[in-house]
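Here's the structure, in structure tokens; my notes come after.
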Amino acid sequence: MGSWETLWPALLSLAGVVLGAGGSLFGQYLVSRASTRQLQMQESAAHRAELKNAVLKFLSIASQVEKTAFALPHAGVSAAAPVIDRLVDDLWLAHAEIDLSARSEPLRGAAYRYAARLTEAARRSELADASALRGPQVQFFDAAYDDMWPGQRRAAGDPSTPQ
């Protein structure tokens, strides 16, 4: 029994070292996971902020193009042509910002279709009202939402009515 009396403290010490090392490694693993999640959340928030700014700029210019295009029948096409040309150029520059900052191809495509439809409406001024632009606009909004918050669904409702 004398050998157990000397061996027992050594085994307990060894078990303590193994448990301490295992606990330390597990703690480092948890900290690493938390840091990775935090970094991903920060990157996602930075992307959303950048894309939000690009989308708001694009929508601001799109609104100006739309207002100018539907004012043309009253103001005369030749008088507004330089203004329309400048606004359409600004619209395509804003589209390029979205194209560069978007993570998804659906957003790039929706932004392109909306910008192309606006350009067509502005240059030809053939639309009777803005309702012809609502389809591409809604698709653009949906794609922008999906790019900023992937995997989350937008609240259902009439897109023309604020919630």
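Just remember, in the structure tokens the first chain shown is A, the second B, etc., residues are 1-based per chain, and ligands are 1-based in the order shown.
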Need to verify the contact set: Ile61 of chain A, 8 Å, only C-alpha atoms, exclusion of same-chain residues closer than 3 positions in sequence. Can you return it as number ranges by chain? A: 57-58, 64-65, 87, 90-91, 94
Restrict the selected residues to all heavy atoms and save them as a PDB file, in the first residue's frame.
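The resulting selection-v3.pdb:
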```
ATOM      1  N   LYS A  57     -28.468  57.198 -52.475  1.00  0.00           N
ATOM      2  CA  LYS A  57     -28.004  58.127 -53.511  1.00  0.00           C
ATOM      3  C   LYS A  57     -28.678  57.796 -54.845  1.00  0.00           C
ATOM      4  O   LYS A  57     -29.166  58.683 -55.547  1.00  0.00           O
ATOM      5  CB  LYS A  57     -26.491  58.055 -53.643  1.00  0.00           C
ATOM      6  CG  LYS A  57     -25.923  58.985 -54.691  1.00  0.00           C
ATOM      7  CD  LYS A  57     -24.415  58.888 -54.751  1.00  0.00           C
ATOM      8  CE  LYS A  57     -23.860  59.794 -55.833  1.00  0.00           C
ATOM      9  NZ  LYS A  57     -22.396  59.679 -55.916  1.00  0.00           N
ATOM     10  N   PHE A  58     -28.704  56.518 -55.180  1.00  0.00           N
ATOM     11  CA  PHE A  58     -29.331  56.064 -56.418  1.00  0.00           C
ATOM     12  C   PHE A  58     -30.809  56.451 -56.444  1.00  0.00           C
ATOM     13  O   PHE A  58     -31.309  56.978 -57.441  1.00  0.00           O
ATOM     14  CB  PHE A  58     -29.161  54.544 -56.549  1.00  0.00           C
ATOM     15  CG  PHE A  58     -29.787  53.949 -57.775  1.00  0.00           C
ATOM     16  CD1 PHE A  58     -29.139  53.998 -58.995  1.00  0.00           C
ATOM     17  CD2 PHE A  58     -31.020  53.327 -57.708  1.00  0.00           C
ATOM     18  CE1 PHE A  58     -29.700  53.438 -60.130  1.00  0.00           C
ATOM     19  CE2 PHE A  58     -31.600  52.764 -58.831  1.00  0.00           C
ATOM     20  CZ  PHE A  58     -30.942  52.821 -60.048  1.00  0.00           C
ATOM     21  N   GLN A  64     -35.256  62.292 -58.961  1.00  0.00           N
ATOM     22  CA  GLN A  64     -35.081  63.516 -59.748  1.00  0.00           C
ATOM     23  C   GLN A  64     -35.309  63.245 -61.233  1.00  0.00           C
ATOM     24  O   GLN A  64     -35.948  64.047 -61.927  1.00  0.00           O
ATOM     25  CB  GLN A  64     -33.679  64.091 -59.533  1.00  0.00           C
ATOM     26  CG  GLN A  64     -33.447  64.627 -58.147  1.00  0.00           C
ATOM     27  CD  GLN A  64     -31.995  65.029 -57.937  1.00  0.00           C
ATOM     28  OE1 GLN A  64     -31.210  65.099 -58.880  1.00  0.00           O
ATOM     29  NE2 GLN A  64     -31.632  65.290 -56.696  1.00  0.00           N
ATOM     30  N   VAL A  65     -34.779  62.110 -61.708  1.00  0.00           N
ATOM     31  CA  VAL A  65     -34.979  61.745 -63.122  1.00  0.00           C
ATOM     32  C   VAL A  65     -36.461  61.567 -63.397  1.00  0.00           C
ATOM     33  O   VAL A  65     -36.989  62.064 -64.398  1.00  0.00           O
ATOM     34  CB  VAL A  65     -34.190  60.462 -63.481  1.00  0.00           C
ATOM     35  CG1 VAL A  65     -34.591  59.938 -64.854  1.00  0.00           C
ATOM     36  CG2 VAL A  65     -32.700  60.710 -63.419  1.00  0.00           C
ATOM     37  N   LEU A  87     -28.750  64.379 -65.338  1.00  0.00           N
ATOM     38  CA  LEU A  87     -29.357  63.485 -64.348  1.00  0.00           C
ATOM     39  C   LEU A  87     -29.169  62.014 -64.722  1.00  0.00           C
ATOM     40  O   LEU A  87     -28.917  61.175 -63.848  1.00  0.00           O
ATOM     41  CB  LEU A  87     -30.847  63.805 -64.187  1.00  0.00           C
ATOM     42  CG  LEU A  87     -31.183  65.063 -63.411  1.00  0.00           C
ATOM     43  CD1 LEU A  87     -32.676  65.353 -63.490  1.00  0.00           C
ATOM     44  CD2 LEU A  87     -30.725  64.945 -61.972  1.00  0.00           C
ATOM     45  N   ASP A  90     -25.685  61.061 -63.899  1.00  0.00           N
ATOM     46  CA  ASP A  90     -25.575  60.882 -62.451  1.00  0.00           C
ATOM     47  C   ASP A  90     -26.216  59.570 -62.004  1.00  0.00           C
ATOM     48  O   ASP A  90     -25.710  58.888 -61.114  1.00  0.00           O
ATOM     49  CB  ASP A  90     -26.225  62.052 -61.712  1.00  0.00           C
ATOM     50  CG  ASP A  90     -25.449  63.350 -61.853  1.00  0.00           C
ATOM     51  OD1 ASP A  90     -24.276  63.310 -62.298  1.00  0.00           O
ATOM     52  OD2 ASP A  90     -26.026  64.422 -61.526  1.00  0.00           O
ATOM     53  N   LEU A  91     -27.337  59.224 -62.639  1.00  0.00           N
ATOM     54  CA  LEU A  91     -28.027  57.972 -62.312  1.00  0.00           C
ATOM     55  C   LEU A  91     -27.122  56.774 -62.596  1.00  0.00           C
ATOM     56  O   LEU A  91     -27.015  55.857 -61.780  1.00  0.00           O
ATOM     57  CB  LEU A  91     -29.328  57.856 -63.112  1.00  0.00           C
ATOM     58  CG  LEU A  91     -30.141  56.584 -62.891  1.00  0.00           C
ATOM     59  CD1 LEU A  91     -30.761  56.596 -61.507  1.00  0.00           C
ATOM     60  CD2 LEU A  91     -31.223  56.457 -63.960  1.00  0.00           C
ATOM     61  N   ALA A  94     -24.397  56.534 -60.029  1.00  0.00           N
ATOM     62  CA  ALA A  94     -24.936  55.968 -58.787  1.00  0.00           C
ATOM     63  C   ALA A  94     -25.171  54.464 -58.947  1.00  0.00           C
ATOM     64  O   ALA A  94     -24.945  53.684 -58.011  1.00  0.00           O
ATOM     65  CB  ALA A  94     -26.230  56.678 -58.411  1.00  0.00           C
TER      66      ALA A  94
END
```
Among the residues of chain A, find those DSSP assigns to helix (DSSP H, G or I) from the backbone and print them as a ChimeraX atom specification. /A:2-75,77-101,105-124,130-148
Please provide the set of residues having any atom within 10 Å of Thr119 of chain A, restricted to only C-alpha atoms, with same-chain residues fewer than 2 positions apart removed, written as a PyMOL selection string. chain A and resi 62+65-66+69+84-85+87-89+91-92+113-117+121-125
Take the residues from that selection and put them in a file with N, CA, C and O atoms, as an mmCIF file, in the first residue's frame.
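Wrote it out as selection_18.cif, contents follow:
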```
data_model
loop_
_atom_site.group_PDB
_atom_site.id
_atom_site.type_symbol
_atom_site.label_atom_id
_atom_site.label_comp_id
_atom_site.auth_asym_id
_atom_site.auth_seq_id
_atom_site.Cartn_x
_atom_site.Cartn_y
_atom_site.Cartn_z
ATOM 1 N N ALA A 62 -32.741 58.858 -58.939
ATOM 2 C CA ALA A 62 -33.851 58.255 -59.689
ATOM 3 C C ALA A 62 -35.119 59.086 -59.526
ATOM 4 O O ALA A 62 -35.866 59.294 -60.489
ATOM 5 N N VAL A 65 -34.779 62.110 -61.708
ATOM 6 C CA VAL A 65 -34.979 61.745 -63.122
ATOM 7 C C VAL A 65 -36.461 61.567 -63.397
ATOM 8 O O VAL A 65 -36.989 62.064 -64.398
ATOM 9 N N GLU A 66 -37.134 60.863 -62.514
ATOM 10 C CA GLU A 66 -38.557 60.595 -62.704
ATOM 11 C C GLU A 66 -39.364 61.900 -62.712
ATOM 12 O O GLU A 66 -40.203 62.109 -63.596
ATOM 13 N N ALA A 69 -38.590 63.754 -65.920
ATOM 14 C CA ALA A 69 -39.129 63.073 -67.098
ATOM 15 C C ALA A 69 -40.632 63.295 -67.225
ATOM 16 O O ALA A 69 -41.139 63.498 -68.327
ATOM 17 N N ILE A 84 -31.830 66.591 -68.249
ATOM 18 C CA ILE A 84 -32.059 65.142 -68.318
ATOM 19 C C ILE A 84 -30.742 64.409 -68.552
ATOM 20 O O ILE A 84 -30.458 63.397 -67.903
ATOM 21 N N ASP A 85 -29.937 64.894 -69.474
ATOM 22 C CA ASP A 85 -28.655 64.242 -69.764
ATOM 23 C C ASP A 85 -27.766 64.198 -68.526
ATOM 24 O O ASP A 85 -27.141 63.175 -68.231
ATOM 25 N N LEU A 87 -28.750 64.379 -65.338
ATOM 26 C CA LEU A 87 -29.357 63.485 -64.348
ATOM 27 C C LEU A 87 -29.169 62.014 -64.722
ATOM 28 O O LEU A 87 -28.917 61.175 -63.848
ATOM 29 N N VAL A 88 -29.308 61.700 -66.000
ATOM 30 C CA VAL A 88 -29.118 60.305 -66.436
ATOM 31 C C VAL A 88 -27.665 59.887 -66.228
ATOM 32 O O VAL A 88 -27.399 58.763 -65.778
ATOM 33 N N ASP A 89 -26.724 60.773 -66.512
ATOM 34 C CA ASP A 89 -25.316 60.459 -66.231
ATOM 35 C C ASP A 89 -25.093 60.210 -64.739
ATOM 36 O O ASP A 89 -24.408 59.259 -64.353
ATOM 37 N N LEU A 91 -27.337 59.224 -62.639
ATOM 38 C CA LEU A 91 -28.027 57.972 -62.312
ATOM 39 C C LEU A 91 -27.122 56.774 -62.596
ATOM 40 O O LEU A 91 -27.015 55.857 -61.780
ATOM 41 N N TRP A 92 -26.447 56.789 -63.739
ATOM 42 C CA TRP A 92 -25.588 55.655 -64.083
ATOM 43 C C TRP A 92 -24.332 55.614 -63.212
ATOM 44 O O TRP A 92 -23.825 54.534 -62.910
ATOM 45 N N ARG A 113 -31.886 47.162 -64.380
ATOM 46 C CA ARG A 113 -33.194 47.232 -65.045
ATOM 47 C C ARG A 113 -33.950 48.513 -64.667
ATOM 48 O O ARG A 113 -34.566 49.151 -65.524
ATOM 49 N N TYR A 114 -33.870 48.900 -63.406
ATOM 50 C CA TYR A 114 -34.549 50.113 -62.964
ATOM 51 C C TYR A 114 -33.908 51.345 -63.614
ATOM 52 O O TYR A 114 -34.611 52.224 -64.125
ATOM 53 N N ALA A 115 -32.586 51.398 -63.640
ATOM 54 C CA ALA A 115 -31.888 52.535 -64.259
ATOM 55 C C ALA A 115 -32.165 52.587 -65.766
ATOM 56 O O ALA A 115 -32.384 53.667 -66.325
ATOM 57 N N ALA A 116 -32.175 51.428 -66.419
ATOM 58 C CA ALA A 116 -32.442 51.401 -67.855
ATOM 59 C C ALA A 116 -33.851 51.872 -68.152
ATOM 60 O O ALA A 116 -34.080 52.633 -69.103
ATOM 61 N N ARG A 117 -34.817 51.449 -67.348
ATOM 62 C CA ARG A 117 -36.212 51.868 -67.556
ATOM 63 C C ARG A 117 -36.375 53.370 -67.314
ATOM 64 O O ARG A 117 -37.087 54.057 -68.045
ATOM 65 N N ALA A 121 -37.451 56.152 -70.033
ATOM 66 C CA ALA A 121 -38.572 57.059 -69.771
ATOM 67 C C ALA A 121 -38.132 58.515 -69.882
ATOM 68 O O ALA A 121 -38.869 59.351 -70.418
ATOM 69 N N ALA A 122 -36.945 58.820 -69.418
ATOM 70 C CA ALA A 122 -36.464 60.200 -69.434
ATOM 71 C C ALA A 122 -36.112 60.665 -70.841
ATOM 72 O O ALA A 122 -36.396 61.798 -71.214
ATOM 73 N N ARG A 123 -35.502 59.785 -71.607
ATOM 74 C CA ARG A 123 -35.057 60.187 -72.938
ATOM 75 C C ARG A 123 -36.186 60.220 -73.950
ATOM 76 O O ARG A 123 -36.181 61.002 -74.884
ATOM 77 N N ARG A 124 -37.169 59.374 -73.771
ATOM 78 C CA ARG A 124 -38.270 59.312 -74.742
ATOM 79 C C ARG A 124 -39.503 60.054 -74.241
ATOM 80 O O ARG A 124 -40.354 60.389 -75.036
ATOM 81 N N SER A 125 -39.607 60.206 -72.942
ATOM 82 C CA SER A 125 -40.760 60.848 -72.285
ATOM 83 C C SER A 125 -42.085 60.347 -72.853
ATOM 84 O O SER A 125 -42.984 61.115 -73.143
#
```
9 Å contact set for Pro106 of chain A, only C-alpha atoms, chain neighbours under 6 positions out, as a list in words: Phe140, Ala143, Ala144, Asp146 and Asp147 of chain A
With all heavy atoms retained, write the just-selected residues as a PDB file, in the first residue's frame.
```
ATOM      1  N   PHE A 140     -36.143  46.282 -57.367  1.00  0.00           N
ATOM      2  CA  PHE A 140     -34.922  46.879 -56.852  1.00  0.00           C
ATOM      3  C   PHE A 140     -34.942  46.924 -55.324  1.00  0.00           C
ATOM      4  O   PHE A 140     -33.974  46.544 -54.669  1.00  0.00           O
ATOM      5  CB  PHE A 140     -34.726  48.286 -57.428  1.00  0.00           C
ATOM      6  CG  PHE A 140     -33.583  49.033 -56.805  1.00  0.00           C
ATOM      7  CD1 PHE A 140     -32.271  48.691 -57.087  1.00  0.00           C
ATOM      8  CD2 PHE A 140     -33.824  50.063 -55.913  1.00  0.00           C
ATOM      9  CE1 PHE A 140     -31.211  49.370 -56.498  1.00  0.00           C
ATOM     10  CE2 PHE A 140     -32.775  50.742 -55.324  1.00  0.00           C
ATOM     11  CZ  PHE A 140     -31.472  50.400 -55.618  1.00  0.00           C
ATOM     12  N   ALA A 143     -34.504  43.389 -53.922  1.00  0.00           N
ATOM     13  CA  ALA A 143     -33.125  42.912 -54.074  1.00  0.00           C
ATOM     14  C   ALA A 143     -32.187  43.638 -53.116  1.00  0.00           C
ATOM     15  O   ALA A 143     -31.266  43.016 -52.544  1.00  0.00           O
ATOM     16  CB  ALA A 143     -32.656  43.094 -55.517  1.00  0.00           C
ATOM     17  N   ALA A 144     -32.396  44.928 -52.906  1.00  0.00           N
ATOM     18  CA  ALA A 144     -31.555  45.682 -51.971  1.00  0.00           C
ATOM     19  C   ALA A 144     -31.744  45.156 -50.556  1.00  0.00           C
ATOM     20  O   ALA A 144     -30.774  44.976 -49.809  1.00  0.00           O
ATOM     21  CB  ALA A 144     -31.874  47.172 -52.040  1.00  0.00           C
ATOM     22  N   ASP A 146     -32.719  42.130 -49.679  1.00  0.00           N
ATOM     23  CA  ASP A 146     -32.116  40.797 -49.604  1.00  0.00           C
ATOM     24  C   ASP A 146     -30.593  40.873 -49.518  1.00  0.00           C
ATOM     25  O   ASP A 146     -29.965  40.040 -48.863  1.00  0.00           O
ATOM     26  CB  ASP A 146     -32.512  39.953 -50.812  1.00  0.00           C
ATOM     27  CG  ASP A 146     -33.971  39.529 -50.770  1.00  0.00           C
ATOM     28  OD1 ASP A 146     -34.583  39.596 -49.688  1.00  0.00           O
ATOM     29  OD2 ASP A 146     -34.505  39.148 -51.835  1.00  0.00           O
ATOM     30  N   ASP A 147     -29.988  41.852 -50.185  1.00  0.00           N
ATOM     31  CA  ASP A 147     -28.537  41.982 -50.138  1.00  0.00           C
ATOM     32  C   ASP A 147     -28.075  42.506 -48.779  1.00  0.00           C
ATOM     33  O   ASP A 147     -27.044  42.078 -48.270  1.00  0.00           O
ATOM     34  CB  ASP A 147     -28.046  42.917 -51.246  1.00  0.00           C
ATOM     35  CG  ASP A 147     -26.561  42.773 -51.507  1.00  0.00           C
ATOM     36  OD1 ASP A 147     -25.760  43.439 -50.822  1.00  0.00           O
ATOM     37  OD2 ASP A 147     -26.211  41.974 -52.390  1.00  0.00           O
TER      38      ASP A 147
END
```
Using only C-alpha atoms, which residue out of A:Ala110, A:Val17, A:Gln28, A:Gly151 lies closest to Gln139 of chain A? A:Ala110
